[in-house]
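Novice: Input: one structure, supplied below.
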Amino acid sequence: MSLLLKMFVPHGNSPHEIDECCGWVHRKMEELNMERYHEVHSHQEQAVNCVLGTITYERLAGHGPKLGPVTAKDPLVTRYFTYDFEEVPFEEEEPMMYQPEKAVYFMAHNGWVMGDDPLRNFAEPGSNVYLRRELICWGDSVKLRYGKKPEDCPYLWAHMQKYTEITAKVFHGVRLDNCHSTPIRVAEYMLDSARRLRPNLYVVAELFTGSEDMDNVFVTKLGISSLIREAMSAGDSHEEGRLVYRYGGMPVGSFAQLSVRPLLPKIAHALFMDVTHDNESLVQRRSAHDALPCATIVSMACCASGSTMGFDHLVPHQISVVEEERLYPKYNPNALPDSPGELNEKCGIIAGKRAINLLHQELGAESFNQVYVDQVDEDIVAVTRHSPNIHRSVVAVSRTAFKDPTNSHYKTDLPTMCIPGKIEEIVLEAMTVQRETAPYKKDKDFINGLPQYTVDIREHLQLKQSRIVTAKETSKERNDYVYEISFENFPPGSVIIFRVSLDPEAQYAVGILRYHLIQFNPFYEAGSITDLKAPSALTHAFIADAANLSLTDLNMLLYRCDFEEQEDGGGCYNISNFGPLKYAGLQGFLSVLADIRPKNDLGHPLCENLRDGDWMMDFISNRLIARGGALEVVGKWFDAMFSYLKMLPRYLIPCYFDALLIGAYSVIVQATLDRMSSFVQNGSTFVKQLGMASIQMCGIGRFPALPQLSPSLKGVPYRLNYITNEKEQCCPSLAAGLPHFAAGLFRCWGRDTFISLKGLLLVTGRAPEARNIILSFASTLRHGLIPNLLGHGIYARYNCRDAVWWWLQCIQDFCTSVENGVDILKCAVSRLYPTDNSPALAPGTVEQPLYEVMQEALQRHVEGVEYRERNAGPHMDTRMRDEGFNVSFGVDLETGFVFGGHRYNCGTWMDNMGESDMAQNRGVPATPRDGSAVEIIGLCKSTVRWLANLSKTSSFPYTGVKGQLKGKEVFITYEEWDKKIQDNFEKSFFVSGDPNDPNEKYPNFVHKKNIYKDTYGATSPWCDYQLRPNFPITMVVAPELFTPEKAWKALKVVEDHLLGPLGLKTLDPDDQVYCGFYDNSIDNGNFNIAKGYNYHQGPEWLWPLGYFLRAKLHFSKMIEEKLYEDTKYLVKHVLSHHYDHLSKSPWKGLPELTNENGAHCPFSCETQAWSIAVVLDVLYEL
């Protein structure tokens, strides 16, 4: 009442207001009462429905027990409770429930609830199962109250523990009957007790959870060995065959599984039974004639099999485990058919069951673990058990009899069936027959079966001796033997079992193939045949051929996407109903196989393609042979191996194709790693996978992508031109990303190349390739810049301000990480454009040492440069406004900061230009980042610091540059330039958030404090203050610019606001123009997203993450050892997502970017050079 008075308060004291409040109370009470009414009505309605359902099943249903009259023994409504008192009227029973000394003896029966959560205790408070009559009750047991732990009911737990331990001492296995109704914590406790006494206890359980996922919860928690499955649950022969396929082993032709493979959901191992004790007998459900086919089908499953006593001698009723008191009959070989209490192998199907049980044991012992189920017609099921080692099979054909043949129609015109291979013998043929005996009469002392049925069985016959079938030998393509089986006398209740081998030539070919596969896996030794006439390509181990491949050859052998192959006049292999593979090389096939192999998806289009023809095998070998050289040798090896593979029956080709590719691939991978740095060779699986991913980016096609190097330079690879047959340079180049930036003019980008070069080439030990790429780009220097889009050098675009600084950083990395690396500074550079306006010159016309080219780049920056791109106009770039083609940059000699750009061009990596007319953003850069971009300042600082030190040792002949300061020409040493940047960086870039900070020009634009500005001096000042992922780059290349404590705070802001699963958001999510989903196909009126305008306004790019993690490692180590250890843990946790992605990606790489929170972006490159490179950099530092 007090709560009511608090909830309902009149607006005043007038009678009207009090009546109004009372009305509110009345309506609320009505509402609450109606809720309770509906709840009780629902319980009542369900209880009535459940009672009616039980009555219908028990007394009226054809498949029910038909209990007959209502009696005290068989009441109309199932009793839910039991007690140890005399029967008294209900009026006298009810008061006992309120007498504690008597109430404790009222017990609820146990049972199970159809469709209920098996982990829920239906007898606990809050459950309405008993009230709603939903319990399917077991009249012979009561629900025990264990509580949640032994202390809740010590006696019960101790008593059951003792019982369990006695059971474990006596028996090697136990059955958990109705496991779903046992509290799982109790089962765990008892099984733990049992396993302490018998660690290898076999635990079989009966579960009715209705869900395989829930089954697996019990299997996992309890360590269940097998779950009971029952053939009698099938309503027809098709369903019975499906149960064998589902629980009975791997499919024929399954792939050999790798020792390390993805974890996939699996169904629990089965104990497959023909019938269990809980259910009606086969004679009741089907017919006596079906016993032999049913038992045969069950025994052909590759799993544990079982039966219930009474099935074999055809007991025509369910044997009650509660009420049955008669004895089982004993075995007497001389017993008469109707002898009470005795039986022999002539009774029922005992003779047939003995033979098929022995066969089941033999097949299991000899690893016939593959299964194929063929539904020949509506009554005939053929089950094949196959040995993948020796490629022999046993085929059992059963004609089921779900209906009694004596009073049901079965067709006599049966279809033929084909058995591929060579039939060696008929293991057995048997049929259910009737004999003259007295009719069945239920014996009062013994559990007896139908005496009139027996099995006519014959074993180990030649095909021509069969009374059931005739066969004629046919053949399909090549050497495939096929027997066409005709059923001459195969009535319902019959079975015939064949033993089959491959035809001789196929058996020989598979033996030879297995012999050559032993070099990859000793598993193939079984069934192998020594190849005494091996073709020359197979006379030595494959590793010898793989060892002769260069890393460029390996790029060709393993990878190359469709665009790369098209440039050479080819393409990736295209599979019907699937599409083109990701790569033309082996990885393209293996990525698909990696997905289908663990699931044994033999119906996949790739497997169908292999079974239908030899095109895939020919594609692999012919593609390599056409390349010549070491690749031709490998191609001939594949061709020779495939020649044996083509002789196999088509159903075996997918698994051996996979084995062959996996074996060769494992050797190729090892040969690749052997050519890499010790860091990669001795690294983790993740490092090795990244090392392999670096191979996919570095290669050469028919047309070299790089400008030619100086003819005087040593260590430059050459080849013969495929058209002119003249010698030409063939330096590998780095693709920016696959598939979009893989070939032609768009393969090589200056910025991408030199962000990637350290990780992909220097960390992996490929210094020669790194040197050649550095020198090749050096040859293209113009206006003091190297090009963004290389375009073979001839079609280069000089429209980015940062690529030259990444190039200089890579030269520094090369000098500091490669033995005698500073020698590169003296290497000759063949200048393509010795002056800004000169035409492209032939190699060797003008040559300079690299250090002069570097000096020119720095000198031009200090002098300042303004120019207009050549060939400017819409024919060059339809997205650009005219003023966007004007490029300018220079150095502020007061601060030392490099600056450049304007609002209509974008000269850093965030270079997306608007292109939507509808949204009116065409020609407007989304992120101009003009002024001084923070990462360029860092790269410049790193360069001048390095050169200042280098010049002191005379390794670099220049000590500084000339410039104009306040109208006067001055000489600024690199040491002075370095100091200028050092003195001005933090006061110009650090955002303290203090409104009184004297260094803060625009305090009103600050919306994130304790960060570093993205730019300094932008045309739109608010852009300086946007939180972006660029300042961690500067932290890595020039950490001396940062106060460690400030740096750590700034990195924490990045972590809190920008960190995603795989990358860093490119813009603060709190920014009003943030959009984390990039979709280049949208063209609407939204200025901020149309035509992918938000490319760098939110999507999560991977490469900045590498610098963020490296910065975290650097500054945590400076601040505190404990913090450093915690940071290493964070770094490893973050990179675990990359490892997972890399392992699962069919491209075997890391993407360019993701959408918000790691969502896949379909417009991103699926594997990007710099994404892979920066992760390698992080792992190298770790």
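By convention here, the chains of the structure tokens are called A, B, ... in the order presented, each chain's residues are numbered starting at 1, and ligands are numbered starting at 1 in the order presented.
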Range 1024-1035 of chain A: which residues within 8 Å, counting only C-alpha atoms, same-chain residues fewer than 2 positions away excluded, as an MDAnalysis selection string?

Specialist: chainID A and resid 934:939 991 1005:1008 1011:1018 1020:1022 1037:1042 1047 1051 1054 1058 1064:1068 1071 1104:1105 1107:1108 1111

Novice: Name the residues of range 849-938 of chain A that fall into strand (DSSP E or B) according to DSSP on the backbone, using the chain letters and numbers of this document, as a list in words.

Specialist: Pro849, Val865, Glu866, Tyr867, Arg868, Asn886, Val887, Ser888, Phe889, Gly890, Val891, Asp892, Phe897, Val898, Phe899, Gly900, Met913, Pro925, Gly931, Ser932 and Ala933 of chain A

Novice: I need the chosen residues saved as an mmCIF file, in the first residue's frame, with N, CA, C and O atoms.

Specialist:
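Output file selection.cif is given in full below:
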```cif
data_model
loop_
_atom_site.group_PDB
_atom_site.id
_atom_site.type_symbol
_atom_site.label_atom_id
_atom_site.label_comp_id
_atom_site.auth_asym_id
_atom_site.auth_seq_id
_atom_site.Cartn_x
_atom_site.Cartn_y
_atom_site.Cartn_z
ATOM 1 N N PRO A 849 76.794 10.153 -60.096
ATOM 2 C CA PRO A 849 76.689 9.284 -58.921
ATOM 3 C C PRO A 849 75.411 9.623 -58.156
ATOM 4 O O PRO A 849 74.914 10.751 -58.236
ATOM 5 N N VAL A 865 60.569 25.658 -56.013
ATOM 6 C CA VAL A 865 60.232 25.252 -57.378
ATOM 7 C C VAL A 865 58.772 25.564 -57.650
ATOM 8 O O VAL A 865 57.897 25.324 -56.805
ATOM 9 N N GLU A 866 58.502 26.095 -58.821
ATOM 10 C CA GLU A 866 57.132 26.259 -59.320
ATOM 11 C C GLU A 866 57.123 25.809 -60.775
ATOM 12 O O GLU A 866 57.983 26.206 -61.554
ATOM 13 N N TYR A 867 56.160 24.971 -61.141
ATOM 14 C CA TYR A 867 56.054 24.528 -62.527
ATOM 15 C C TYR A 867 54.639 24.032 -62.786
ATOM 16 O O TYR A 867 53.843 23.841 -61.861
ATOM 17 N N ARG A 868 54.348 23.831 -64.038
ATOM 18 C CA ARG A 868 53.058 23.271 -64.451
ATOM 19 C C ARG A 868 53.333 21.905 -65.066
ATOM 20 O O ARG A 868 54.266 21.730 -65.864
ATOM 21 N N ASN A 886 49.215 23.047 -61.385
ATOM 22 C CA ASN A 886 50.315 23.921 -60.986
ATOM 23 C C ASN A 886 50.912 23.407 -59.683
ATOM 24 O O ASN A 886 50.205 23.254 -58.686
ATOM 25 N N VAL A 887 52.220 23.139 -59.711
ATOM 26 C CA VAL A 887 52.902 22.539 -58.569
ATOM 27 C C VAL A 887 53.927 23.530 -58.031
ATOM 28 O O VAL A 887 54.661 24.171 -58.810
ATOM 29 N N SER A 888 53.971 23.667 -56.701
ATOM 30 C CA SER A 888 54.987 24.522 -56.082
ATOM 31 C C SER A 888 55.378 23.943 -54.739
ATOM 32 O O SER A 888 54.559 23.319 -54.050
ATOM 33 N N PHE A 889 56.630 24.137 -54.367
ATOM 34 C CA PHE A 889 57.118 23.708 -53.061
ATOM 35 C C PHE A 889 58.421 24.428 -52.762
ATOM 36 O O PHE A 889 59.054 25.022 -53.651
ATOM 37 N N GLY A 890 58.808 24.378 -51.502
ATOM 38 C CA GLY A 890 60.057 24.999 -51.084
ATOM 39 C C GLY A 890 60.348 24.677 -49.637
ATOM 40 O O GLY A 890 59.738 23.784 -49.045
ATOM 41 N N VAL A 891 61.284 25.422 -49.039
ATOM 42 C CA VAL A 891 61.663 25.234 -47.651
ATOM 43 C C VAL A 891 61.647 26.592 -46.964
ATOM 44 O O VAL A 891 62.219 27.574 -47.485
ATOM 45 N N ASP A 892 60.980 26.670 -45.823
ATOM 46 C CA ASP A 892 61.013 27.867 -44.985
ATOM 47 C C ASP A 892 62.328 27.837 -44.215
ATOM 48 O O ASP A 892 62.501 27.029 -43.297
ATOM 49 N N PHE A 897 61.180 23.988 -42.331
ATOM 50 C CA PHE A 897 60.064 23.142 -42.762
ATOM 51 C C PHE A 897 59.906 23.171 -44.279
ATOM 52 O O PHE A 897 59.881 24.245 -44.899
ATOM 53 N N VAL A 898 59.766 21.989 -44.870
ATOM 54 C CA VAL A 898 59.361 21.878 -46.267
ATOM 55 C C VAL A 898 57.888 22.241 -46.362
ATOM 56 O O VAL A 898 57.074 21.820 -45.535
ATOM 57 N N PHE A 899 57.523 23.022 -47.368
ATOM 58 C CA PHE A 899 56.125 23.392 -47.550
ATOM 59 C C PHE A 899 55.780 23.257 -49.031
ATOM 60 O O PHE A 899 56.665 23.123 -49.888
ATOM 61 N N GLY A 900 54.503 23.333 -49.344
ATOM 62 C CA GLY A 900 54.098 23.276 -50.737
ATOM 63 C C GLY A 900 52.616 23.017 -50.887
ATOM 64 O O GLY A 900 51.889 22.824 -49.913
ATOM 65 N N MET A 913 41.081 13.094 -55.325
ATOM 66 C CA MET A 913 40.522 14.263 -55.990
ATOM 67 C C MET A 913 39.059 14.003 -56.305
ATOM 68 O O MET A 913 38.703 12.932 -56.812
ATOM 69 N N PRO A 925 40.238 18.736 -54.107
ATOM 70 C CA PRO A 925 40.862 17.674 -53.304
ATOM 71 C C PRO A 925 40.130 17.516 -51.973
ATOM 72 O O PRO A 925 39.768 18.511 -51.326
ATOM 73 N N GLY A 931 50.690 23.385 -47.253
ATOM 74 C CA GLY A 931 51.501 23.852 -46.136
ATOM 75 C C GLY A 931 52.590 22.845 -45.859
ATOM 76 O O GLY A 931 53.169 22.259 -46.778
ATOM 77 N N SER A 932 52.874 22.637 -44.596
ATOM 78 C CA SER A 932 53.922 21.688 -44.199
ATOM 79 C C SER A 932 53.274 20.451 -43.596
ATOM 80 O O SER A 932 52.751 20.497 -42.478
ATOM 81 N N ALA A 933 53.239 19.347 -44.369
ATOM 82 C CA ALA A 933 52.647 18.087 -43.888
ATOM 83 C C ALA A 933 53.579 17.451 -42.866
ATOM 84 O O ALA A 933 54.790 17.394 -43.068
#
```

Novice: CA of Gly147 in chain A to CA of Met114 in chain A: how many Å, to one decimal?

Specialist: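 A separation of 23.2 Å between them.
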
Novice: For Thr416 in chain A, find every residue with an atom within 8 Å (counting only C-alpha atoms), except residues of its own chain fewer than 3 positions away, and show them as a ChimeraX atom specification.

Specialist: /A:484-487

Novice: Please provide the set of residues having any atom within 8 Å of Cys1161 in chain A, restricted to only C-alpha atoms, with same-chain residues fewer than 6 positions apart removed, written as a list in words.

Specialist: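 My reading of the contact set: Phe1077, Tyr1078, Asp1079, Leu1153, Thr1154 and Asn1155 of chain A.
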
Novice: Report the closest atom pair, with its distance in Å rounded to one decimal, for each residue of range 583-702 of chain A that has an atom no farther than 12 Å from range 739-753 of chain A; count only C-alpha atoms, sort by chain and then rising residue number, and write it as a tab-separated table.

Specialist:
```
residue	atom	partner	partner_atom	distance
A:Tyr583	CA	A:Pro739	CA	9.6
A:Gln696	CA	A:Ala742	CA	10.0
A:Met697	CA	A:Ala742	CA	8.3
A:Cys698	CA	A:Ala742	CA	10.1
A:Gly699	CA	A:Ala742	CA	9.9
A:Ile700	CA	A:Ala743	CA	9.4
A:Gly701	CA	A:Ala743	CA	8.1
A:Arg702	CA	A:Gly744	CA	10.1
```

Novice: Take the residues from that selection and put them in a file with all heavy atoms, as an mmCIF file, in the first residue's frame.

Specialist:
```
data_model
loop_
_atom_site.group_PDB
_atom_site.id
_atom_site.type_symbol
_atom_site.label_atom_id
_atom_site.label_comp_id
_atom_site.auth_asym_id
_atom_site.auth_seq_id
_atom_site.Cartn_x
_atom_site.Cartn_y
_atom_site.Cartn_z
ATOM 1 N N TYR A 583 45.096 -15.869 -58.702
ATOM 2 C CA TYR A 583 46.416 -15.863 -59.320
ATOM 3 C C TYR A 583 46.475 -16.946 -60.396
ATOM 4 O O TYR A 583 45.823 -17.981 -60.282
ATOM 5 C CB TYR A 583 47.509 -16.139 -58.294
ATOM 6 C CG TYR A 583 47.657 -15.091 -57.218
ATOM 7 C CD1 TYR A 583 47.282 -15.361 -55.906
ATOM 8 C CD2 TYR A 583 48.184 -13.838 -57.507
ATOM 9 C CE1 TYR A 583 47.426 -14.405 -54.913
ATOM 10 C CE2 TYR A 583 48.337 -12.877 -56.516
ATOM 11 C CZ TYR A 583 47.949 -13.167 -55.222
ATOM 12 O OH TYR A 583 48.098 -12.220 -54.239
ATOM 13 N N GLN A 696 54.840 -11.785 -53.952
ATOM 14 C CA GLN A 696 53.761 -11.506 -54.906
ATOM 15 C C GLN A 696 53.862 -10.079 -55.457
ATOM 16 O O GLN A 696 53.351 -9.805 -56.543
ATOM 17 C CB GLN A 696 52.399 -11.729 -54.250
ATOM 18 C CG GLN A 696 52.053 -10.763 -53.157
ATOM 19 C CD GLN A 696 50.860 -11.165 -52.315
ATOM 20 O OE1 GLN A 696 50.026 -10.342 -52.028
ATOM 21 N NE2 GLN A 696 50.782 -12.430 -51.914
ATOM 22 N N MET A 697 54.524 -9.179 -54.719
ATOM 23 C CA MET A 697 54.589 -7.779 -55.133
ATOM 24 C C MET A 697 55.799 -7.473 -56.013
ATOM 25 O O MET A 697 55.841 -6.443 -56.666
ATOM 26 C CB MET A 697 54.646 -6.875 -53.892
ATOM 27 C CG MET A 697 53.391 -6.919 -53.061
ATOM 28 S SD MET A 697 51.984 -6.328 -54.014
ATOM 29 C CE MET A 697 50.642 -6.713 -52.896
ATOM 30 N N CYS A 698 56.804 -8.316 -56.003
ATOM 31 C CA CYS A 698 58.072 -7.997 -56.661
ATOM 32 C C CYS A 698 58.290 -8.950 -57.833
ATOM 33 O O CYS A 698 58.580 -10.136 -57.635
ATOM 34 C CB CYS A 698 59.220 -8.104 -55.659
ATOM 35 S SG CYS A 698 60.782 -7.501 -56.303
ATOM 36 N N GLY A 699 58.126 -8.438 -59.024
ATOM 37 C CA GLY A 699 58.284 -9.294 -60.191
ATOM 38 C C GLY A 699 58.464 -8.469 -61.444
ATOM 39 O O GLY A 699 58.561 -7.239 -61.407
ATOM 40 N N ILE A 700 58.504 -9.157 -62.566
ATOM 41 C CA ILE A 700 58.659 -8.482 -63.850
ATOM 42 C C ILE A 700 57.828 -9.218 -64.882
ATOM 43 O O ILE A 700 57.786 -10.448 -64.909
ATOM 44 C CB ILE A 700 60.142 -8.417 -64.281
ATOM 45 C CG1 ILE A 700 60.296 -7.634 -65.583
ATOM 46 C CG2 ILE A 700 60.752 -9.800 -64.403
ATOM 47 C CD1 ILE A 700 61.717 -7.266 -65.900
ATOM 48 N N GLY A 701 57.167 -8.439 -65.724
ATOM 49 C CA GLY A 701 56.354 -9.023 -66.772
ATOM 50 C C GLY A 701 57.038 -8.944 -68.119
ATOM 51 O O GLY A 701 58.261 -8.795 -68.215
ATOM 52 N N ARG A 702 56.253 -9.018 -69.152
ATOM 53 C CA ARG A 702 56.809 -8.976 -70.515
ATOM 54 C C ARG A 702 57.459 -7.622 -70.785
ATOM 55 O O ARG A 702 58.457 -7.526 -71.489
ATOM 56 C CB ARG A 702 55.690 -9.245 -71.520
ATOM 57 C CG ARG A 702 56.143 -9.163 -72.964
ATOM 58 C CD ARG A 702 55.066 -9.655 -73.901
ATOM 59 N NE ARG A 702 54.843 -11.098 -73.779
ATOM 60 C CZ ARG A 702 54.004 -11.792 -74.537
ATOM 61 N NH1 ARG A 702 53.299 -11.186 -75.466
ATOM 62 N NH2 ARG A 702 53.851 -13.082 -74.364
#
```

Novice: Please provide as a count of residues only all residues within 9 Å of range 254-256 of chain A, with the sequence filter that same-chain residues fewer than 5 positions apart are discarded (counting only C-alpha atoms).

Specialist: 14

Novice: Run DSSP on the backbone of this structure and report the residues of range 341-581 of chain A it assigns to helix (DSSP H, G or I), as a count of residues only.

Specialist: 60

Novice: Tell me, counting only C-alpha atoms, for each residue of range 42-132 of chain A within 7 Å of range 173-192 of chain A, which pair of atoms is nearest and how far apart they are in Å to one decimal, in rows ordered by chain and increasing number, as a tab-separated table.

Specialist:
```
residue	atom	partner	partner_atom	distance
A:Trp112	CA	A:Ser181	CA	6.2
A:Pro118	CA	A:His180	CA	5.3
A:Leu119	CA	A:Ile184	CA	7.0
A:Asn121	CA	A:Pro183	CA	6.9
```

Novice: Write a file of the selected residues as a compact mmCIF listing (two decimals), in the first residue's frame, keeping N, CA, C and O atoms.

Specialist:
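Contents of the output file again-v8.txt:
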```txt
# COMPACT_ATOMS: atom_id res chain seq x y z
N TRP A 112 11.92 -35.77 -19.78
CA TRP A 112 12.54 -34.76 -20.65
C TRP A 112 11.45 -33.93 -21.31
O TRP A 112 10.30 -34.34 -21.40
N PRO A 118 18.37 -27.93 -23.00
CA PRO A 118 18.84 -29.05 -22.18
C PRO A 118 19.78 -28.62 -21.05
O PRO A 118 20.05 -29.41 -20.15
N LEU A 119 20.28 -27.40 -21.10
CA LEU A 119 21.16 -26.92 -20.03
C LEU A 119 20.36 -26.34 -18.87
O LEU A 119 20.93 -26.00 -17.84
N ASN A 121 17.60 -26.60 -15.86
CA ASN A 121 16.97 -27.57 -14.96
C ASN A 121 15.48 -27.26 -14.89
O ASN A 121 15.07 -26.26 -14.30
```
